[in-house]
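*Asks:* Before I ask anything, let me first share the structure, which is written out below as structure tokens.
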Amino acid sequence: MVLPMLLSMSLPMLLPAFFLPFFGFGFVMYFLPAIIALARNKRDITSIVLLNFFLGWTMIGWVVALVWACKHDVPMVVR
């Protein structure tokens, strides 16, 4: 049912249907540590986002940012 519909569409109409999910998924996976940090309201959100943005491509930076985003914040002692 879907295959005849896809075959009848022209190529410019099919390109976004196939490439957008792949690029969108890659974008979400690359910024996953930043998304987790934002969702958890981390105290160091800016640092995690910058580390992820500049060093996430190295994979070591991405893992460090992911661990940092998942780690629990130690409560600050107010004196």
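The way I read the labels, and the way they are meant: chains A, B, ... in the order of the structure tokens, residue 1 as the first residue of every chain, and ligand 1 as the first ligand shown, with later ones counted on from there.
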Can you list, as a list of chain:residue names, every protein, DNA or RNA residue that comes within 12 Å of Val74 (chain A) when you count only C-alpha atoms, leaving out same-chain residues fewer than 6 positions away?

*Replies:*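 Near neighbours after the sequence-gap exclusion: A:Lys42, A:Arg43, A:Asp44.
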
*Asks:* Please produce a file of those selected residues containing N, CA and C atoms, as an mmCIF file, in the first residue's frame.

*Replies:*
data_model
loop_
_atom_site.group_PDB
_atom_site.id
_atom_site.type_symbol
_atom_site.label_atom_id
_atom_site.label_comp_id
_atom_site.auth_asym_id
_atom_site.auth_seq_id
_atom_site.Cartn_x
_atom_site.Cartn_y
_atom_site.Cartn_z
ATOM 1 N N LYS A 42 20.765 20.828 35.594
ATOM 2 C CA LYS A 42 22.092 20.759 36.188
ATOM 3 C C LYS A 42 22.612 22.159 36.494
ATOM 4 N N ARG A 43 23.438 22.228 37.513
ATOM 5 C CA ARG A 43 24.013 23.503 37.918
ATOM 6 C C ARG A 43 25.021 23.993 36.880
ATOM 7 N N ASP A 44 25.703 23.085 36.195
ATOM 8 C CA ASP A 44 26.738 23.424 35.219
ATOM 9 C C ASP A 44 26.262 23.234 33.784
#

*Asks:* Pick the closest to Ala39 (chain A) from A:Cys70, A:Phe27, A:Arg79, A:Met59: which is it, counting only C-alpha atoms?

*Replies:*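 For Ala39 (chain A), the nearest of the candidates is A:Cys70.
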
*Asks:* For the atom pair CA of Lys71 (chain A) and CA of Trp57 (chain A), what is the interatomic distance in Å to one decimal place?

*Replies:*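 It comes out at 20.9 Å.
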
*Asks:* What's around Gly61 (chain A) at 7 Å? Count only C-alpha atoms, leave out sequence neighbours fewer than 4 positions away in its own chain, and write the answer as a PDB file with C-alpha atoms, in the first residue's frame.

*Replies:*
ATOM      1  CA  LEU A  51      32.014  20.828  26.277  1.00  0.00           C
ATOM      2  CA  ASN A  52      29.507  18.867  24.211  1.00  0.00           C
ATOM      3  CA  LEU A  55      34.606  18.400  22.090  1.00  0.00           C
ATOM      4  CA  GLY A  56      31.658  16.073  21.482  1.00  0.00           C
ATOM      5  CA  ALA A  65      29.794  15.369  28.937  1.00  0.00           C
TER       6      ALA A  65
END

*Asks:* Tell me, in Å to one decimal, how far CA of Trp62 (chain A) is from CA of Met76 (chain A).

*Replies:* 26.1 Å
